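Listing of upload.csv, CSV, C-alpha atoms and all ligand atoms
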```csv
chain,number,residue,atom,x,y,z
A,21,MET,CA,95.7,119.6,25.2
A,22,ILE,CA,91.9,119.1,25.0
A,23,LEU,CA,89.9,122.2,25.6
A,24,GLY,CA,86.4,122.1,27.1
A,25,ILE,CA,84.3,125.2,26.6
A,26,SER,CA,81.1,125.7,28.6
A,27,GLY,CA,78.4,127.9,27.1
A,28,SER,CA,76.3,128.3,30.2
A,29,PRO,CA,76.3,131.5,32.4
A,30,ARG,CA,75.7,129.2,35.4
A,31,LYS,CA,77.7,126.8,37.4
A,32,LYS,CA,75.0,124.1,37.0
A,33,ALA,CA,74.3,121.2,34.6
A,34,THR,CA,76.3,122.1,31.6
A,35,GLU,CA,79.5,122.8,33.5
A,36,TYR,CA,79.0,119.6,35.5
A,37,VAL,CA,78.7,117.3,32.5
A,38,LEU,CA,81.6,119.1,30.7
A,39,THR,CA,83.8,118.6,33.8
A,40,GLU,CA,82.8,114.9,33.8
A,41,ALA,CA,83.8,114.7,30.1
A,42,LEU,CA,87.2,116.2,30.8
A,43,ARG,CA,87.7,113.9,33.8
A,44,MET,CA,86.9,110.9,31.5
A,45,LEU,CA,89.4,112.2,29.0
A,46,GLU,CA,92.1,112.6,31.7
A,47,GLU,CA,91.5,109.0,32.7
A,48,ARG,CA,92.3,108.1,29.1
A,49,GLY,CA,95.6,110.0,29.4
A,50,PHE,CA,94.7,113.4,27.9
A,51,GLU,CA,95.7,116.7,29.3
A,52,THR,CA,92.7,119.0,29.5
A,53,GLU,CA,91.8,122.6,30.1
A,54,PHE,CA,88.5,124.2,31.0
A,55,PHE,CA,87.0,127.5,29.9
A,56,THR,CA,83.6,128.8,30.8
A,57,VAL,CA,81.7,131.8,29.6
A,58,ARG,CA,80.3,132.2,33.1
A,59,GLY,CA,81.2,135.6,34.6
A,60,LYS,CA,83.1,136.5,31.4
A,61,GLN,CA,82.6,139.4,29.0
A,62,ILE,CA,82.3,138.0,25.5
A,63,SER,CA,80.7,140.4,23.0
A,64,PRO,CA,78.9,139.2,19.9
A,65,CYS,CA,80.9,139.7,16.7
A,66,GLN,CA,80.4,143.2,15.4
A,67,HIS,CA,81.1,142.3,11.8
A,68,CYS,CA,83.4,145.3,11.6
A,69,ASP,CA,85.8,143.3,9.4
A,70,TYR,CA,88.8,144.6,11.4
A,71,CYS,CA,90.0,141.0,11.7
A,72,LEU,CA,90.1,140.7,7.9
A,73,ARG,CA,92.4,143.7,7.7
A,74,HIS,CA,94.5,143.3,10.8
A,75,LYS,CA,94.4,139.6,11.4
A,76,LYS,CA,93.1,139.9,14.9
A,77,CYS,CA,89.9,140.9,16.8
A,78,ARG,CA,89.7,144.5,17.9
A,79,ILE,CA,87.3,143.7,20.8
A,80,GLU,CA,89.4,143.6,24.0
A,81,ASP,CA,87.4,141.2,26.1
A,82,ASP,CA,87.6,137.7,27.6
A,83,MET,CA,87.6,136.1,24.1
A,84,GLN,CA,91.3,137.1,24.0
A,85,GLU,CA,92.1,134.5,26.7
A,86,LEU,CA,90.1,131.9,24.8
A,87,TYR,CA,91.9,132.6,21.5
A,88,GLY,CA,95.2,131.6,23.1
A,89,MET,CA,93.7,128.4,24.6
A,90,LEU,CA,92.2,127.4,21.2
A,91,GLY,CA,95.6,127.7,19.6
A,92,GLU,CA,97.0,125.1,22.0
A,93,ALA,CA,94.1,122.7,21.7
A,94,ARG,CA,94.2,119.5,19.6
A,95,GLY,CA,90.7,118.7,20.5
A,96,ILE,CA,87.6,120.8,21.5
A,97,VAL,CA,84.6,119.8,23.6
A,98,MET,CA,81.9,122.4,23.3
A,99,ALA,CA,79.0,122.2,25.7
A,100,THR,CA,75.9,124.3,25.5
A,101,PRO,CA,72.7,124.6,27.4
A,102,VAL,CA,69.7,124.5,25.1
A,103,TYR,CA,68.1,127.9,24.7
A,104,ASN,CA,65.0,128.2,22.6
A,105,GLY,CA,65.7,124.9,20.8
A,106,GLY,CA,69.4,125.8,19.9
A,107,VAL,CA,72.7,126.9,21.4
A,108,SER,CA,73.1,129.6,24.0
A,109,ALA,CA,73.8,133.1,22.8
A,110,GLN,CA,77.1,132.9,24.8
A,111,ILE,CA,78.5,129.9,22.9
A,112,LYS,CA,77.2,131.4,19.6
A,113,ALA,CA,79.2,134.5,20.4
A,114,VAL,CA,82.3,132.3,21.0
A,115,MET,CA,81.8,130.6,17.6
A,116,ASP,CA,81.3,133.9,15.7
A,117,ARG,CA,84.3,135.6,17.3
A,118,CYS,CA,86.4,132.7,16.0
A,119,ARG,CA,86.2,134.4,12.7
A,120,ALA,CA,89.2,136.5,13.7
A,121,LEU,CA,91.3,133.4,14.1
A,122,VAL,CA,90.4,132.1,10.7
A,123,ALA,CA,91.0,135.6,9.2
A,124,ALA,CA,94.6,135.4,10.6
A,125,ASP,CA,95.1,131.8,9.6
A,126,TYR,CA,92.7,130.1,7.3
A,127,ASP,CA,93.8,126.6,8.5
A,128,PHE,CA,93.7,127.6,12.2
A,129,PHE,CA,91.2,124.9,13.2
A,130,ARG,CA,92.0,122.4,10.5
A,131,GLY,CA,92.7,118.9,11.7
A,132,LYS,CA,91.6,119.5,15.3
A,133,VAL,CA,88.9,117.1,16.6
A,134,GLY,CA,85.6,118.2,18.0
A,135,MET,CA,82.8,116.7,20.0
A,136,ALA,CA,79.6,118.4,21.3
A,137,ILE,CA,77.4,118.2,24.4
A,138,ALA,CA,73.9,119.8,24.7
A,139,VAL,CA,71.9,120.0,28.0
A,140,GLY,CA,68.2,120.8,27.8
A,141,GLY,CA,65.7,121.3,30.6
A,142,ASP,CA,63.2,119.2,28.6
A,143,ARG,CA,63.8,115.6,27.5
A,144,ILE,CA,63.3,116.5,23.9
A,145,GLY,CA,64.0,120.2,23.9
A,146,GLY,CA,66.3,120.8,21.0
A,147,GLN,CA,69.5,119.0,22.1
A,148,GLU,CA,70.1,117.5,18.6
A,149,PHE,CA,69.6,120.8,16.8
A,150,ALA,CA,72.0,122.6,19.3
A,151,ILE,CA,74.6,119.9,18.7
A,152,GLN,CA,74.1,120.3,14.9
A,153,GLN,CA,74.9,124.0,15.3
A,154,ILE,CA,78.2,123.1,17.0
A,155,LEU,CA,79.0,120.4,14.5
A,156,THR,CA,78.3,122.8,11.6
A,157,PHE,CA,80.8,125.2,13.2
A,158,TYR,CA,83.3,122.4,13.3
A,159,ILE,CA,82.7,121.2,9.7
A,160,LEU,CA,83.0,124.7,8.2
A,161,ASN,CA,86.2,125.4,10.0
A,162,GLY,CA,87.9,122.0,9.2
A,163,ILE,CA,87.5,120.5,12.7
A,164,ILE,CA,86.8,116.8,12.5
A,165,PRO,CA,83.4,116.2,14.1
A,166,VAL,CA,83.0,113.1,16.2
A,167,SER,CA,79.8,111.6,17.7
A,168,GLY,CA,79.3,108.6,19.9
A,169,GLY,CA,77.7,106.7,17.1
A,170,SER,CA,74.3,105.2,16.6
A,171,PHE,CA,72.3,103.4,19.4
A,172,GLY,CA,72.4,106.2,21.9
A,173,ALA,CA,74.8,109.0,20.9
A,174,ASN,CA,74.0,109.7,17.3
A,175,LEU,CA,75.3,113.3,17.1
A,176,GLY,CA,77.0,113.6,20.5
A,177,ALA,CA,76.2,113.7,24.1
A,178,THR,CA,72.6,114.9,24.9
A,179,PHE,CA,71.4,115.5,28.4
A,180,TRP,CA,68.0,116.1,30.1
A,181,SER,CA,68.6,118.3,33.2
A,182,LYS,CA,65.0,119.0,34.3
A,183,ASP,CA,66.4,122.4,34.8
A,184,THR,CA,68.5,121.3,37.9
A,185,LEU,CA,71.9,120.0,38.7
A,186,ASP,CA,70.5,117.0,40.5
A,187,GLY,CA,68.3,116.3,37.5
A,188,VAL,CA,71.3,116.1,35.1
A,189,LYS,CA,73.2,113.9,37.6
A,190,GLU,CA,70.3,111.4,37.4
A,191,ASP,CA,70.3,111.3,33.6
A,192,GLU,CA,71.8,107.8,33.1
A,193,GLU,CA,71.0,107.8,29.4
A,194,GLY,CA,72.7,111.2,29.1
A,195,PHE,CA,75.9,109.8,30.7
A,196,ARG,CA,75.8,106.8,28.4
A,197,SER,CA,75.7,109.1,25.4
A,198,LEU,CA,78.6,111.0,27.0
A,199,ARG,CA,80.7,107.9,27.6
A,200,LYS,CA,80.1,106.7,24.0
A,201,THR,CA,81.0,110.1,22.6
A,202,VAL,CA,84.2,110.5,24.7
A,203,LYS,CA,85.3,107.0,23.7
A,204,ARG,CA,85.1,107.8,20.0
A,205,PHE,CA,86.6,111.3,20.5
A,206,ALA,CA,89.6,109.8,22.3
A,207,GLU,CA,90.0,107.1,19.6
A,208,MET,CA,90.0,109.7,16.8
A,209,LEU,CA,92.6,111.8,18.7
A,210,LYS,CA,94.8,108.7,19.2
A,211,MET,CA,94.3,107.6,15.5
A,212,LEU,CA,95.4,111.0,14.3
A,213,GLU,CA,98.4,111.0,16.6
A,214,GLY,CA,99.8,108.1,14.6
A,215,VAL,CA,99.3,109.9,11.2
B,1,LIG,C1,66.4,131.4,27.8
B,1,LIG,C2,66.3,130.0,28.0
B,1,LIG,C3,65.7,129.2,27.1
B,1,LIG,C4,65.6,127.8,27.3
B,1,LIG,N1,65.1,127.1,26.2
B,1,LIG,C5,65.1,125.7,26.4
B,1,LIG,C6,64.7,124.9,25.3
B,1,LIG,O1,64.3,125.4,24.2
B,1,LIG,N2,64.7,123.6,25.4
B,1,LIG,C7,65.1,123.0,26.6
B,1,LIG,O2,65.1,121.8,26.7
B,1,LIG,N3,65.5,123.7,27.7
B,1,LIG,C8,65.5,125.1,27.6
B,1,LIG,N4,66.0,125.8,28.6
B,1,LIG,C9,66.4,125.2,29.9
B,1,LIG,C10,67.9,124.9,29.9
B,1,LIG,O3,68.4,124.3,28.8
B,1,LIG,C11,68.2,124.0,31.1
B,1,LIG,O4,67.7,124.5,32.3
B,1,LIG,C12,69.7,123.7,31.2
B,1,LIG,O5,69.9,122.7,32.2
B,1,LIG,C13,70.5,125.0,31.5
B,1,LIG,O6,71.8,124.6,31.6
B,1,LIG,P1,72.7,125.0,33.0
B,1,LIG,O7,72.0,124.2,34.1
B,1,LIG,O8,74.1,124.6,32.7
B,1,LIG,O9,72.5,126.5,33.2
B,1,LIG,C14,66.1,127.2,28.5
B,1,LIG,C15,66.6,128.0,29.5
B,1,LIG,C16,66.7,129.4,29.3
B,1,LIG,C17,67.3,130.3,30.3
```
What do you get writing this file as structure tokens?
Amino acid sequence: MILGISGSPRKKATEYVLTEALRMLEERGFETEFFTVRGKQISPCQHCDYCLRHKKCRIEDDMQELYGMLGEARGIVMATPVYNGGVSAQIKAVMDRCRALVAADYDFFRGKVGMAIAVGGDRIGGQEFAIQQILTFYILNGIIPVSGGSFGANLGATFWSKDTLDGVKEDEEGFRSLRKTVKRFAEMLKMLEGV
């Protein structure tokens, strides 16, 4: 299963492009699931170190549902709106709370495949840095990071929403970067299936 995680508190541009990414993956034969932080309670990590001692997070919130989904996922598509030139606080909380999974099993994420999507209101608003934050999370947890390659999708899929849903739908260049990234992501997943 491929898990898409939206880091936007709104049902707007980020959710839209993530849903499109999952649709493209289903067309390629993958089973997908969707999780959004919208309407959810996901606390930031408290660094209480409970997870190091007890191998689970002590915070009983909606992250518990996501923990289960992450366990099932072979591939992860993290999508974030760009907030102040980087990822949203919501998706950062998701990343930080994953510490509990790694505390329980050091290799929890190892060998999964990851791609990233960033949606900014500005054409050049920090999309690449936001993607790099997600790719860093992937790298340090052993998730294989995949981009769409040079000539358009260097680090992953980057969108310019002009702060609206209609704006992101018009972003042809963004969708080109998404198609390129989805293609390579799917190819990597298929390659690893044969290993
Ligand atoms: C707190 C906040 C900070 C933002 N900072 C940036 C920014 O640094 N760069 C940018 O391009 N857009 C910025 N935006 C705009 C959003 O990235 C943009 O509207 C995006 O489409 C939001 O995603 P959504 O439509 O899924 O909610 C910011 C929005 C908010 C609410």
**Request:** Determine, counting all atoms listed in the file, which protein, DNA and RNA residues have an atom within 8 Å of an atom of region 191-202 of chain A; residues of the same chain fewer than 3 positions away are not included. Present the result as a PyMOL selection string.
**Result:** chain A and resi 41+44-45+135+137+166-169+172-173+176-181+187-188+205-206
**Request:** Collect all residues with atoms no farther than 7 Å from ligand LIG 1 (chain B), counting only C-alpha atoms and all ligand atoms, and output them as a PyMOL selection string.
**Result:** chain A and resi 28-35+101-106+139-147+181-185
With region 61-76 of chain A as the partner and 7 Å as the cut-off, tabulate the residues of region 95-150 of chain A that qualify, each row holding the nearest pair of atoms and their distance in Å to one decimal, using all atoms listed in the file, sorted by chain and rising number, as a tab-separated table.
```
residue	atom	partner	partner_atom	distance
A:Ala113	CA	A:Pro64	CA	4.7
A:Asp116	CA	A:Cys65	CA	5.9
A:Arg117	CA	A:Cys65	CA	5.4
A:Ala120	CA	A:Cys71	CA	5.0
A:Leu121	CA	A:Lys76	CA	6.8
A:Ala123	CA	A:Leu72	CA	5.3
A:Ala124	CA	A:Lys75	CA	4.3
```
**Message:** I need every residue sitting at most 12 Å from the point (96.7, 109.8, 17.1) (coordinates as in the file, only C-alpha atoms considered), written as a list in words.
**Reply:**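 Returned residue set, sorted by chain then number, is Phe50, Arg94, Gly95, Gly131, Lys132, Val133, Phe205, Ala206, Glu207, Met208, Leu209, Lys210, Met211, Leu212, Glu213, Gly214 and Val215 of chain A.
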**Request:** Grab the CA of Phe55 (chain A) to CA of Gly24 (chain A) distance for me, in Å with one decimal place.
**Result:**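 Result for CA of Phe55 (chain A) versus CA of Gly24 (chain A): 6.1 Å, one decimal.
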**Prompt:** Using all atoms listed in the file, which residue out of A:Glu46, A:Glu53, A:Asp127, A:Glu80 lies closest to Ser26 (chain A)?
**Reply:**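 Once distances to Ser26 (chain A) are computed over all atoms listed in the file, the minimum belongs to A:Glu53.
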**Asked** What does the distance from CA of Gly88 (chain A) to CA of Glu148 (chain A) come to in Å, to one decimal?
**Response**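 Atom-to-atom, CA of Gly88 (chain A) to CA of Glu148 (chain A), that is 29.1 Å.
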**Asked** Quick one, how far is CA of Gly59 (chain A) from CA of Leu23 (chain A)?
**Response**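 So the two atoms, CA of Gly59 (chain A) and CA of Leu23 (chain A), lie 18.3 Å apart.
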**Request:** Name the closest residue to Arg130 (chain A) among the candidates A:Asn174, A:Ile164, A:Glu85, A:Ile22; distances are taken between atoms, counting all atoms listed in the file.
**Result:**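 Closest residue, counting all atoms listed in the file: A:Ile164.
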**Prompt:** From the set A:Ser170, A:Thr100, A:Asp125, A:Ala109, which residue has the shortest atom-to-atom contact distance to Gln152 (chain A), counting all atoms listed in the file?
**Reply:**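 Nearest candidate to Gln152 (chain A) out of A:Ser170, A:Thr100, A:Asp125, A:Ala109: A:Thr100.
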**Request:** Between A:Arg43, A:Met21, A:Arg204, A:Cys118, single out the one closest to Ala93 (chain A), counting only C-alpha atoms.
**Result:**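 Looking only at the distances to Ala93 (chain A), the closest residue turns out to be A:Met21.
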